[in-house]
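Asker: Contents of work_36.txt (compact mmCIF, C-alpha atoms) are below:
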```
# COMPACT_ATOMS: atom_id res chain seq x y z
CA MET A 153 134.37 -9.04 -134.08
CA ALA A 154 134.82 -12.71 -133.32
CA PRO A 155 137.03 -13.44 -130.30
CA ASP A 156 140.67 -14.15 -130.92
CA PRO A 157 141.17 -17.79 -129.81
CA ALA A 158 144.87 -17.07 -129.30
CA ASP A 159 144.10 -14.38 -126.71
CA PRO A 160 143.97 -15.95 -123.22
CA ARG A 161 142.80 -12.60 -121.79
CA CYS A 162 139.39 -12.78 -123.43
CA PRO A 163 137.06 -14.70 -121.09
CA VAL A 164 133.36 -15.11 -121.82
CA LEU A 165 131.30 -12.95 -119.48
CA ASP A 166 128.76 -15.13 -117.64
CA MET A 167 125.41 -13.66 -118.69
CA SER A 168 123.58 -15.64 -116.00
CA ALA A 169 125.45 -13.73 -113.26
CA ARG A 170 125.49 -16.79 -111.02
CA ALA A 171 128.52 -15.50 -109.10
CA PRO A 172 128.86 -11.82 -110.08
CA HIS A 173 131.22 -10.72 -107.32
CA GLU A 174 133.64 -13.58 -107.89
CA GLN A 175 133.62 -12.84 -111.62
CA ASN A 176 134.23 -9.14 -110.97
CA ALA A 177 137.15 -9.94 -108.68
CA ARG A 178 138.82 -11.99 -111.42
CA LEU A 179 138.28 -9.24 -113.99
CA ARG A 180 139.57 -6.57 -111.62
CA ALA A 181 142.72 -8.56 -110.86
CA ALA A 182 143.47 -8.93 -114.59
CA GLY A 183 144.17 -5.23 -115.10
CA PRO A 184 142.60 -1.77 -115.49
CA ALA A 185 140.56 -3.25 -118.35
CA ILE A 186 140.26 -6.68 -119.93
CA ARG A 187 138.68 -7.80 -123.17
CA VAL A 188 135.62 -10.03 -122.63
CA GLU A 189 133.24 -11.84 -124.94
CA LEU A 190 129.59 -10.77 -124.77
CA PRO A 191 126.64 -12.56 -126.44
CA ASP A 192 126.90 -13.25 -130.18
CA GLY A 193 130.69 -12.98 -130.05
CA ILE A 194 130.76 -9.23 -129.42
CA ILE A 195 134.06 -8.21 -127.80
CA ALA A 196 134.20 -5.35 -125.30
CA TRP A 197 136.58 -4.01 -122.69
CA SER A 198 135.42 -4.78 -119.15
CA VAL A 199 136.35 -2.16 -116.53
CA THR A 200 135.73 -3.03 -112.87
CA ARG A 201 138.20 -0.85 -110.94
CA GLY A 202 136.58 2.15 -109.29
CA ALA A 203 139.30 4.67 -110.11
CA VAL A 204 139.36 3.68 -113.79
CA ILE A 205 135.55 3.90 -114.04
CA ARG A 206 135.63 7.38 -112.53
CA ALA A 207 138.34 8.47 -114.96
CA LEU A 208 136.51 7.14 -118.01
CA THR A 209 133.09 8.54 -117.08
CA GLY A 210 134.61 11.98 -116.62
CA ASP A 211 136.68 11.85 -119.81
CA PRO A 212 135.21 13.94 -122.68
CA ARG A 213 136.88 11.54 -125.13
CA ILE A 214 134.41 8.80 -124.09
CA SER A 215 130.98 8.69 -125.75
CA ARG A 216 127.79 6.72 -125.11
CA ASP A 217 126.44 7.22 -128.64
CA PRO A 218 126.85 3.96 -130.64
CA ARG A 219 125.38 5.45 -133.80
CA LYS A 220 128.17 8.02 -133.98
CA HIS A 221 131.09 6.32 -132.29
CA TRP A 222 130.89 2.51 -132.58
CA PRO A 223 132.14 1.37 -136.00
CA GLY A 224 131.13 -2.22 -135.21
CA LEU A 225 127.46 -1.43 -134.58
CA ALA A 226 126.40 -2.77 -137.98
CA GLU A 227 127.68 -6.23 -137.02
CA VAL A 228 125.45 -6.54 -133.95
CA PRO A 229 122.49 -8.88 -134.61
CA ALA A 230 118.88 -7.87 -134.05
CA GLY A 231 117.62 -8.73 -130.58
CA TRP A 232 121.11 -8.61 -129.04
CA PRO A 233 120.54 -9.18 -125.28
CA MET A 234 122.37 -6.00 -124.24
CA GLY A 235 120.82 -3.92 -127.02
CA PRO A 236 117.73 -2.55 -125.21
CA ILE A 237 119.99 -0.69 -122.80
CA ALA A 238 122.95 -0.01 -125.08
CA PHE A 239 120.97 1.30 -128.05
CA GLN A 240 118.34 3.55 -126.47
CA GLN A 241 117.66 6.70 -128.46
CA ASN A 242 117.44 9.17 -125.59
CA PHE A 243 119.69 11.29 -123.38
CA PHE A 244 121.06 8.11 -121.76
CA ASN A 245 123.15 7.51 -124.87
CA LEU A 246 123.67 11.01 -126.23
CA TYR A 247 127.05 12.71 -126.21
CA GLY A 248 128.28 16.19 -125.34
CA ASP A 249 125.95 19.15 -125.83
CA GLU A 250 123.14 16.91 -127.13
CA HIS A 251 123.22 14.96 -123.87
CA ARG A 252 123.32 18.06 -121.68
CA THR A 253 120.39 19.66 -123.49
CA ALA A 254 118.20 16.56 -123.41
CA ARG A 255 119.03 15.72 -119.78
CA ARG A 256 118.18 19.26 -118.70
CA ARG A 257 114.56 18.69 -119.79
CA MET A 258 114.04 15.85 -117.28
CA ALA A 259 116.37 16.84 -114.43
CA PRO A 260 113.96 19.23 -112.61
CA SER A 261 111.40 16.43 -112.21
CA PHE A 262 113.85 14.44 -110.06
CA ALA A 263 115.37 17.27 -108.05
CA PRO A 264 115.82 16.29 -104.37
CA ARG A 265 113.21 18.79 -103.15
CA ARG A 266 110.55 17.48 -105.54
CA VAL A 267 111.39 13.91 -104.64
CA ALA A 268 111.11 14.69 -100.90
CA ALA A 269 107.58 15.92 -101.52
CA LEU A 270 106.67 12.40 -102.68
CA ARG A 271 107.39 10.86 -99.26
CA PRO A 272 103.78 10.91 -97.91
CA GLY A 273 102.49 9.07 -100.98
CA ILE A 274 105.31 6.53 -100.86
CA GLU A 275 104.67 5.93 -97.17
CA ALA A 276 100.96 5.42 -97.80
CA THR A 277 101.62 2.90 -100.58
CA ALA A 278 104.14 1.00 -98.47
CA ALA A 279 101.74 0.94 -95.50
CA ALA A 280 98.97 -0.53 -97.65
CA LEU A 281 101.23 -3.24 -99.04
CA LEU A 282 102.57 -4.11 -95.59
CA GLY A 283 99.08 -4.10 -94.10
CA ALA A 284 98.03 -6.75 -96.60
CA LEU A 285 100.64 -9.12 -95.15
CA ARG A 286 98.64 -9.33 -91.92
CA ALA A 287 96.28 -11.67 -93.74
CA LEU A 288 99.02 -14.31 -93.82
CA ARG A 289 98.71 -17.28 -91.49
CA PRO A 290 101.21 -17.42 -88.58
CA GLY A 291 104.51 -18.70 -89.92
CA GLU A 292 103.45 -18.34 -93.57
CA ALA A 293 106.18 -17.09 -95.91
CA VAL A 294 105.92 -14.36 -98.53
CA ASP A 295 108.25 -13.22 -101.31
CA VAL A 296 109.12 -9.70 -100.15
CA ARG A 297 110.27 -8.77 -103.66
CA ARG A 298 106.82 -9.50 -105.11
CA ALA A 299 104.81 -8.39 -102.08
CA LEU A 300 106.58 -5.11 -101.26
CA ALA A 301 109.61 -4.03 -103.31
CA LEU A 302 108.14 -4.54 -106.77
CA PRO A 303 104.61 -3.15 -106.29
CA LEU A 304 105.90 -0.20 -104.26
CA THR A 305 108.43 0.92 -106.84
CA MET A 306 106.13 0.20 -109.78
CA THR A 307 103.31 2.17 -108.18
CA VAL A 308 105.52 5.15 -107.37
CA ILE A 309 107.11 5.50 -110.81
CA CYS A 310 103.90 4.77 -112.72
CA ASP A 311 101.93 7.27 -110.63
CA LEU A 312 104.63 9.84 -111.31
CA PHE A 313 104.33 9.25 -115.06
CA GLY A 314 100.57 8.79 -115.11
CA VAL A 315 100.64 5.21 -116.42
CA PRO A 316 97.13 3.66 -116.45
CA ALA A 317 96.67 0.55 -114.33
CA ALA A 318 96.02 -1.66 -117.37
CA LEU A 319 99.46 -0.91 -118.87
CA ARG A 320 101.52 -1.42 -115.72
CA PRO A 321 101.84 -5.23 -115.71
CA LEU A 322 102.66 -5.27 -119.43
CA ILE A 323 105.37 -2.63 -119.06
CA GLY A 324 106.86 -4.27 -115.96
CA GLY A 325 106.93 -7.74 -117.51
CA ALA A 326 108.55 -6.54 -120.72
CA MET A 327 111.16 -4.57 -118.81
CA ASP A 328 112.07 -7.61 -116.73
CA THR A 329 112.82 -9.52 -119.94
CA LEU A 330 114.75 -6.64 -121.49
CA VAL A 331 117.32 -6.66 -118.67
CA THR A 332 117.57 -10.47 -118.56
CA THR A 333 120.85 -11.11 -120.35
CA THR A 334 120.19 -14.83 -120.74
CA ALA A 335 117.12 -14.11 -122.87
CA THR A 336 117.29 -15.15 -126.52
CA ASN A 337 117.43 -12.66 -129.37
CA GLU A 338 113.88 -13.68 -130.29
CA GLN A 339 112.61 -13.07 -126.74
CA MET A 340 114.32 -9.68 -126.70
CA THR A 341 112.83 -8.67 -130.03
CA ALA A 342 109.33 -9.70 -128.94
CA SER A 343 109.60 -7.92 -125.57
CA ARG A 344 110.91 -4.77 -127.22
CA ALA A 345 107.95 -4.78 -129.60
CA ARG A 346 105.52 -5.23 -126.68
CA ILE A 347 106.94 -2.40 -124.64
CA ASP A 348 107.16 -0.09 -127.66
CA ALA A 349 103.48 -0.73 -128.33
CA ALA A 350 102.56 -0.07 -124.70
CA LEU A 351 104.61 3.11 -124.50
CA GLY A 352 103.20 4.27 -127.83
CA GLU A 353 99.71 3.75 -126.44
CA LEU A 354 100.65 5.74 -123.34
CA LEU A 355 101.97 8.63 -125.43
CA GLU A 356 98.84 8.70 -127.59
CA LEU A 357 96.72 8.85 -124.44
CA LYS A 358 98.75 11.74 -123.03
CA ARG A 359 98.49 13.69 -126.28
CA ARG A 360 94.70 13.28 -126.26
CA GLU A 361 94.27 13.77 -122.53
CA PRO A 362 97.35 15.46 -121.03
CA GLY A 363 97.58 15.60 -117.26
CA PRO A 364 99.89 16.76 -114.47
CA ASP A 365 102.31 13.86 -114.97
CA LEU A 366 105.70 13.28 -116.50
CA ALA A 367 104.49 11.17 -119.43
CA SER A 368 102.41 14.14 -120.55
CA ASP A 369 105.53 16.30 -120.36
CA VAL A 370 107.46 13.80 -122.50
CA ALA A 371 104.62 13.62 -125.03
CA ALA A 372 104.49 17.39 -125.34
CA ALA A 373 108.28 17.79 -125.57
CA HIS A 374 108.66 15.22 -128.36
CA THR A 375 105.64 16.02 -130.53
CA GLY A 376 106.26 17.69 -133.88
CA ASP A 377 104.77 21.03 -134.87
CA ASP A 378 101.99 19.28 -136.80
CA GLY A 379 101.10 17.05 -133.84
CA ASP A 380 102.78 13.89 -135.15
CA ASP A 381 105.54 11.78 -133.61
CA GLY A 382 108.40 13.55 -135.35
CA GLU A 383 110.96 12.23 -137.80
CA ASP A 384 111.79 9.08 -135.83
CA GLY A 385 108.18 7.90 -135.56
CA GLY A 386 108.17 8.55 -131.83
CA GLN A 387 111.11 6.28 -130.99
CA GLU A 388 112.91 8.93 -128.95
CA SER A 389 109.84 9.69 -126.84
CA ARG A 390 109.22 5.97 -126.29
CA ASP A 391 112.86 5.49 -125.32
CA VAL A 392 112.74 8.39 -122.86
CA LEU A 393 109.79 6.71 -121.14
CA PHE A 394 111.53 3.33 -121.33
CA LEU A 395 114.58 4.79 -119.59
CA MET A 396 112.75 6.69 -116.88
CA LEU A 397 110.21 3.98 -116.09
CA GLY A 398 112.79 1.20 -116.26
CA ALA A 399 115.43 2.97 -114.19
CA GLY A 400 112.84 4.05 -111.64
CA TYR A 401 111.55 0.51 -111.30
CA GLU A 402 114.44 -1.93 -111.73
CA THR A 403 116.96 -0.05 -109.59
CA ALA A 404 114.73 0.53 -106.57
CA VAL A 405 113.13 -2.93 -106.47
CA ASN A 406 116.55 -4.58 -106.36
CA LEU A 407 117.91 -2.11 -103.82
CA ILE A 408 115.04 -2.79 -101.43
CA THR A 409 115.16 -6.58 -101.84
CA SER A 410 118.94 -6.71 -101.37
CA ALA A 411 118.76 -4.49 -98.27
CA VAL A 412 116.14 -6.74 -96.66
CA GLN A 413 118.27 -9.79 -97.45
CA ALA A 414 121.39 -8.16 -95.99
CA LEU A 415 119.66 -7.14 -92.76
CA LEU A 416 118.03 -10.50 -92.19
CA THR A 417 121.35 -12.21 -92.88
CA HIS A 418 123.15 -9.84 -90.48
CA PRO A 419 120.55 -9.21 -87.73
CA ARG A 420 123.04 -7.39 -85.47
CA HIS A 421 122.88 -4.42 -87.81
CA LEU A 422 119.09 -4.41 -87.63
CA ALA A 423 119.42 -4.31 -83.84
CA HIS A 424 121.67 -1.24 -84.18
CA VAL A 425 118.98 0.52 -86.23
CA ARG A 426 116.41 -0.20 -83.54
CA GLU A 427 118.80 1.10 -80.87
CA GLY A 428 119.23 4.33 -82.83
CA THR A 429 122.96 3.85 -83.32
CA LEU A 430 122.56 3.19 -87.05
CA ALA A 431 120.44 5.11 -89.56
CA TRP A 432 118.47 3.74 -92.48
CA THR A 433 120.59 5.93 -94.74
CA ASP A 434 123.65 3.97 -93.58
CA VAL A 435 121.94 0.68 -94.44
CA VAL A 436 120.88 1.94 -97.87
CA GLU A 437 124.34 3.29 -98.76
CA GLU A 438 126.07 0.11 -97.61
CA THR A 439 123.64 -1.97 -99.66
CA LEU A 440 124.43 0.18 -102.70
CA ARG A 441 128.13 -0.43 -102.08
CA HIS A 442 127.94 -4.11 -101.22
CA GLU A 443 125.11 -5.33 -103.48
CA SER A 444 124.60 -2.72 -106.15
CA PRO A 445 121.25 -2.93 -107.99
CA ALA A 446 123.07 -1.99 -111.21
CA MET A 447 126.13 -3.97 -112.22
CA HIS A 448 127.52 -3.57 -115.78
CA ILE A 449 126.03 -0.75 -117.88
CA PRO A 450 126.58 -1.10 -121.65
CA LEU A 451 128.30 0.55 -123.51
CA ARG A 452 130.76 3.41 -124.08
CA TYR A 453 133.12 4.19 -126.96
CA PRO A 454 136.41 6.14 -127.07
CA LEU A 455 136.72 8.88 -129.65
CA GLU A 456 140.47 8.25 -129.73
CA ASP A 457 142.92 5.71 -128.31
CA ILE A 458 142.91 5.70 -124.48
CA ASP A 459 146.01 4.52 -122.60
CA LEU A 460 145.01 3.13 -119.18
CA GLY A 461 148.52 2.11 -118.19
CA GLU A 462 149.79 -1.39 -117.31
CA GLY A 463 150.09 -2.03 -121.04
CA VAL A 464 146.34 -1.58 -121.71
CA VAL A 465 145.30 0.67 -124.59
CA ILE A 466 141.65 0.85 -125.67
CA ARG A 467 141.53 1.76 -129.33
CA ARG A 468 139.18 4.29 -130.86
CA GLY A 469 135.66 2.86 -131.27
CA GLU A 470 136.22 -0.30 -129.19
CA PRO A 471 133.20 -0.76 -126.87
CA ILE A 472 133.64 -0.49 -123.11
CA LEU A 473 131.50 -2.18 -120.46
CA LEU A 474 131.71 -0.31 -117.15
CA GLY A 475 131.11 -2.38 -114.01
CA PHE A 476 129.68 0.34 -111.79
CA GLY A 477 128.41 -2.24 -109.32
CA ALA A 478 131.86 -3.82 -109.06
CA ALA A 479 133.49 -0.61 -107.84
CA GLY A 480 131.98 -0.85 -104.36
CA ARG A 481 133.95 -4.02 -103.62
CA ASP A 482 137.19 -2.79 -105.13
CA PRO A 483 139.87 -3.35 -102.45
CA ARG A 484 141.70 -0.27 -103.73
CA LEU A 485 138.65 1.75 -102.71
CA HIS A 486 137.73 -0.29 -99.61
CA PRO A 487 140.79 -2.12 -98.31
CA ASP A 488 138.99 -3.15 -95.08
CA ARG A 489 136.79 -6.23 -95.74
CA PRO A 490 135.31 -5.08 -99.07
CA ASP A 491 133.16 -8.22 -99.38
CA ASP A 492 131.55 -7.84 -95.93
CA PHE A 493 128.21 -6.09 -95.41
CA ASP A 494 128.91 -3.53 -92.69
CA PRO A 495 126.79 -0.37 -92.57
CA THR A 496 128.90 0.93 -89.67
CA ARG A 497 131.98 1.31 -91.89
CA PRO A 498 133.03 4.98 -92.13
CA SER A 499 133.24 5.03 -95.93
CA LYS A 500 130.50 3.51 -98.06
CA GLU A 501 131.70 5.02 -101.32
CA HIS A 502 130.19 3.40 -104.41
CA LEU A 503 129.32 4.06 -108.05
CA SER A 504 125.94 2.34 -108.09
CA PHE A 505 124.24 5.37 -109.62
CA GLY A 506 127.06 6.02 -112.06
CA HIS A 507 129.40 8.97 -112.11
CA GLY A 508 129.98 12.10 -114.11
CA PRO A 509 127.58 13.67 -116.63
CA HIS A 510 125.41 10.53 -116.81
CA PHE A 511 124.87 10.19 -113.05
CA CYS A 512 121.43 8.67 -112.45
CA LEU A 513 118.67 11.27 -112.18
CA GLY A 514 116.53 8.90 -110.13
CA ALA A 515 119.07 8.37 -107.31
CA PRO A 516 117.19 10.51 -104.73
CA LEU A 517 113.93 8.67 -105.47
CA ALA A 518 115.50 5.20 -105.19
CA ARG A 519 117.11 6.11 -101.87
CA LEU A 520 113.84 7.49 -100.51
CA GLU A 521 111.84 4.43 -101.57
CA ALA A 522 114.35 2.12 -99.94
CA GLU A 523 114.37 4.02 -96.64
CA VAL A 524 110.56 4.10 -96.50
CA ALA A 525 110.24 0.41 -97.38
CA LEU A 526 112.81 -0.72 -94.82
CA ASP A 527 111.45 1.45 -92.03
CA GLY A 528 107.89 0.35 -92.76
CA LEU A 529 108.72 -3.36 -92.99
CA PHE A 530 110.78 -3.63 -89.83
CA THR A 531 108.46 -1.39 -87.82
CA ALA A 532 105.39 -3.43 -88.75
CA TYR A 533 107.19 -6.80 -88.62
CA PRO A 534 110.14 -6.41 -86.21
CA ASP A 535 110.75 -10.14 -85.92
CA ALA A 536 110.68 -10.86 -89.65
CA ALA A 537 113.07 -13.63 -90.63
CA LEU A 538 114.26 -15.42 -93.74
CA ALA A 539 111.93 -18.34 -94.49
CA PRO A 540 113.70 -21.60 -93.56
CA SER A 541 111.57 -23.50 -96.09
CA HIS A 542 113.12 -21.69 -99.07
CA PRO A 543 116.64 -22.02 -100.49
CA ALA A 544 119.49 -19.94 -99.15
CA PRO A 545 121.09 -18.06 -100.65
CA ALA A 546 118.17 -16.81 -102.71
CA PRO A 547 118.38 -17.30 -106.49
CA ARG A 548 119.79 -14.33 -108.37
CA LEU A 549 118.43 -12.43 -111.33
CA GLU A 550 119.92 -13.69 -114.59
CA SER A 551 121.39 -10.38 -115.65
CA VAL A 552 124.79 -8.74 -115.80
CA ILE A 553 123.07 -5.35 -116.12
CA ILE A 554 120.97 -5.35 -112.95
CA SER A 555 121.71 -7.35 -109.82
CA GLY A 556 119.86 -8.75 -106.85
CA PRO A 557 117.75 -11.65 -105.58
CA ALA A 558 115.15 -12.92 -108.04
CA GLU A 559 112.99 -13.73 -104.99
CA LEU A 560 113.35 -13.39 -101.23
CA TRP A 561 111.01 -15.37 -99.00
CA ILE A 562 110.53 -14.10 -95.48
CA VAL A 563 108.20 -14.86 -92.58
CA PRO A 564 106.76 -11.52 -91.40
CA VAL A 565 105.89 -11.46 -87.68
CA PRO A 566 103.61 -8.53 -86.75
CA ALA A 567 104.61 -6.33 -83.85
CA ARG A 568 101.53 -7.27 -81.83
CA ALA A 569 102.56 -10.96 -81.95
CA ARG A 570 105.89 -10.40 -80.19
```
Give the structure from this file in structure tokens form.
Answerer:
Amino acid sequence: MAPDPADPRCPVLDMSARAPHEQNARLRAAGPAIRVELPDGIIAWSVTRGAVIRALTGDPRISRDPRKHWPGLAEVPAGWPMGPIAFQQNFFNLYGDEHRTARRRMAPSFAPRRVAALRPGIEATAAALLGALRALRPGEAVDVRRALALPLTMTVICDLFGVPAALRPLIGGAMDTLVTTTATNEQMTASRARIDAALGELLELKRREPGPDLASDVAAAHTGDDGDDGEDGGQESRDVLFLMLGAGYETAVNLITSAVQALLTHPRHLAHVREGTLAWTDVVEETLRHESPAMHIPLRYPLEDIDLGEGVVIRRGEPILLGFGAAGRDPRLHPDRPDDFDPTRPSKEHLSFGHGPHFCLGAPLARLEAEVALDGLFTAYPDAALAPSHPAPAPRLESVIISGPAELWIVPVPARAR
């Protein structure tokens, strides 16, 4: 699986994601798919064109199950930086009927009507977090990611799953490492062990003391007839929790932070919201298109050779890296200023939540959290501004899997101080 040095079409994917949109533009221009080198010399096909991503995600000849359909899996070293996402043993990576059956168990919990019922609790949490900012001195800056986006989304998803307060920082910290694609294999292995231990502890608690929460549902659904963890030692149940907690946390925190950054960088659009000529839903959808919280989701595998045209044929079992976050800036999809943030544009089509059978279950919740956070922030602090004392643009997360500012310092100005 080592790269072919004679192949000029095999660039190394920048795992630090210092300039993700520029990198995506180069990959997109190279063809419907291009071979790239991932960590440890793993070669995969990168797909960044929206139409090709849609076609592949809807193609029954494409699998997400590496254990069944990736012949090169045995060559991947332990602690591979993309492994925590690519090798989950849950419905995220199942194929066909197995995927449909497993997904059906969790889907009702994230139905739009059930998510809408969470609004009062989300609003109360956001109000408490925003109220705490009034203790800041006039002109004092705060990292809105750490002060609002992160604790809001972590509280919402952990309350939904009944995660005790003591486990929340451990789970959040380990998840942050597990999507950091510049982390070493040793760091990945250690973080995976920590989160497995924490999720195992959570499952044991829910088996002893089940409650009206989703972790209790997972524990009950994946417990063997004799009360044990089943044949896999509980790995599937831990991975289900890893997926649902991680997706519910990482996606929404980056969506909120990126939306705040976009609005404060383009204040005319914030003025349109205040005038009532622009809705928060428009801002959220444009943020998803322009600065997707999810970028490249590993991996998929063809069950047979797939001809994409333009001389590109992906052979059976060759891994595919789909750049869902790149699709929103595809000029074939958005020929009018695809790199500009403009929530007034008529079409904000994107693939930030995926497409096809694996479309993200948590999409309604992420959208709701973002709308509540933005409305709450700019109602309480209408003159908030980017902090001039901190670098611009803000540093980015070092991940090709998720995307957004690693921090975003703002100066919140309360409404009463206007």
Asker: Which residues come within 12 Å of Glu437 (chain A), counting only C-alpha atoms, excluding same-chain residues fewer than 3 positions away, as number ranges by chain?
Answerer: A: 407-408, 410-411, 430-434, 440-445, 480, 493-505, 515-516, 518-520, 522-523
Asker: Using only C-alpha atoms, find the one residue out of A:Ser343, A:Thr531, A:Ser551, A:Gln413 that sits nearest to Asp295 (chain A).
Answerer: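 Checking each of A:Ser343, A:Thr531, A:Ser551, A:Gln413 against Asp295 (chain A), counting only C-alpha atoms, the winner is A:Gln413.
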Asker: Using Å and a single decimal, report how far CA of Gln240 (chain A) sits from CA of Ala169 (chain A).
Answerer: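 Going from CA of Ala169 (chain A) over to CA of Gln240 (chain A), I get 22.9 Å.
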Asker: Considering all atoms listed in the file, give me a table of residues in region 365-443 of chain A that are at most 12 Å from region 262-282 of chain A, with the closest atom pair and distance in Å for each, as a tab-separated table.
Answerer:
```
residue	atom	partner	partner_atom	distance
A:Leu366	CA	A:Phe262	CA	10.5
A:Met396	CA	A:Phe262	CA	10.4
A:Gly400	CA	A:Phe262	CA	10.6
A:Ile408	CA	A:Ala278	CA	11.9
```
Asker: When you count only C-alpha atoms, which of these residues is closest to Gly324 (chain A): A:Ile205, A:Leu473, A:Leu357, A:Leu302?
Answerer: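 Going through A:Ile205, A:Leu473, A:Leu357, A:Leu302 one by one, the smallest distance to Gly324 (chain A) is for A:Leu302.
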Asker: Can you tell me which residues surround Gly202 (chain A) at a distance of at most 12 Å, considering only C-alpha atoms, apart from same-chain residues fewer than 2 positions away, and format the answer as a CSV table (one decimal) with C-alpha atoms, keeping the file's coordinate frame?
Answerer:
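File around-v4.csv, as written:
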```csv
chain,number,residue,atom,x,y,z
A,176,ASN,CA,134.2,-9.1,-111.0
A,180,ARG,CA,139.6,-6.6,-111.6
A,184,PRO,CA,142.6,-1.8,-115.5
A,185,ALA,CA,140.6,-3.2,-118.4
A,199,VAL,CA,136.4,-2.2,-116.5
A,200,THR,CA,135.7,-3.0,-112.9
A,204,VAL,CA,139.4,3.7,-113.8
A,205,ILE,CA,135.6,3.9,-114.0
A,206,ARG,CA,135.6,7.4,-112.5
A,207,ALA,CA,138.3,8.5,-115.0
A,208,LEU,CA,136.5,7.1,-118.0
A,209,THR,CA,133.1,8.5,-117.1
A,441,ARG,CA,128.1,-0.4,-102.1
A,474,LEU,CA,131.7,-0.3,-117.2
A,475,GLY,CA,131.1,-2.4,-114.0
A,476,PHE,CA,129.7,0.3,-111.8
A,477,GLY,CA,128.4,-2.2,-109.3
A,478,ALA,CA,131.9,-3.8,-109.1
A,479,ALA,CA,133.5,-0.6,-107.8
A,480,GLY,CA,132.0,-0.8,-104.4
A,481,ARG,CA,134.0,-4.0,-103.6
A,482,ASP,CA,137.2,-2.8,-105.1
A,483,PRO,CA,139.9,-3.4,-102.4
A,484,ARG,CA,141.7,-0.3,-103.7
A,485,LEU,CA,138.6,1.8,-102.7
A,486,HIS,CA,137.7,-0.3,-99.6
A,501,GLU,CA,131.7,5.0,-101.3
A,502,HIS,CA,130.2,3.4,-104.4
A,503,LEU,CA,129.3,4.1,-108.0
A,504,SER,CA,125.9,2.3,-108.1
A,506,GLY,CA,127.1,6.0,-112.1
A,507,HIS,CA,129.4,9.0,-112.1
```
Asker: What is the distance between CA of Arg257 (chain A) and CA of Trp222 (chain A), in Å to one decimal?
Answerer: 26.3 Å
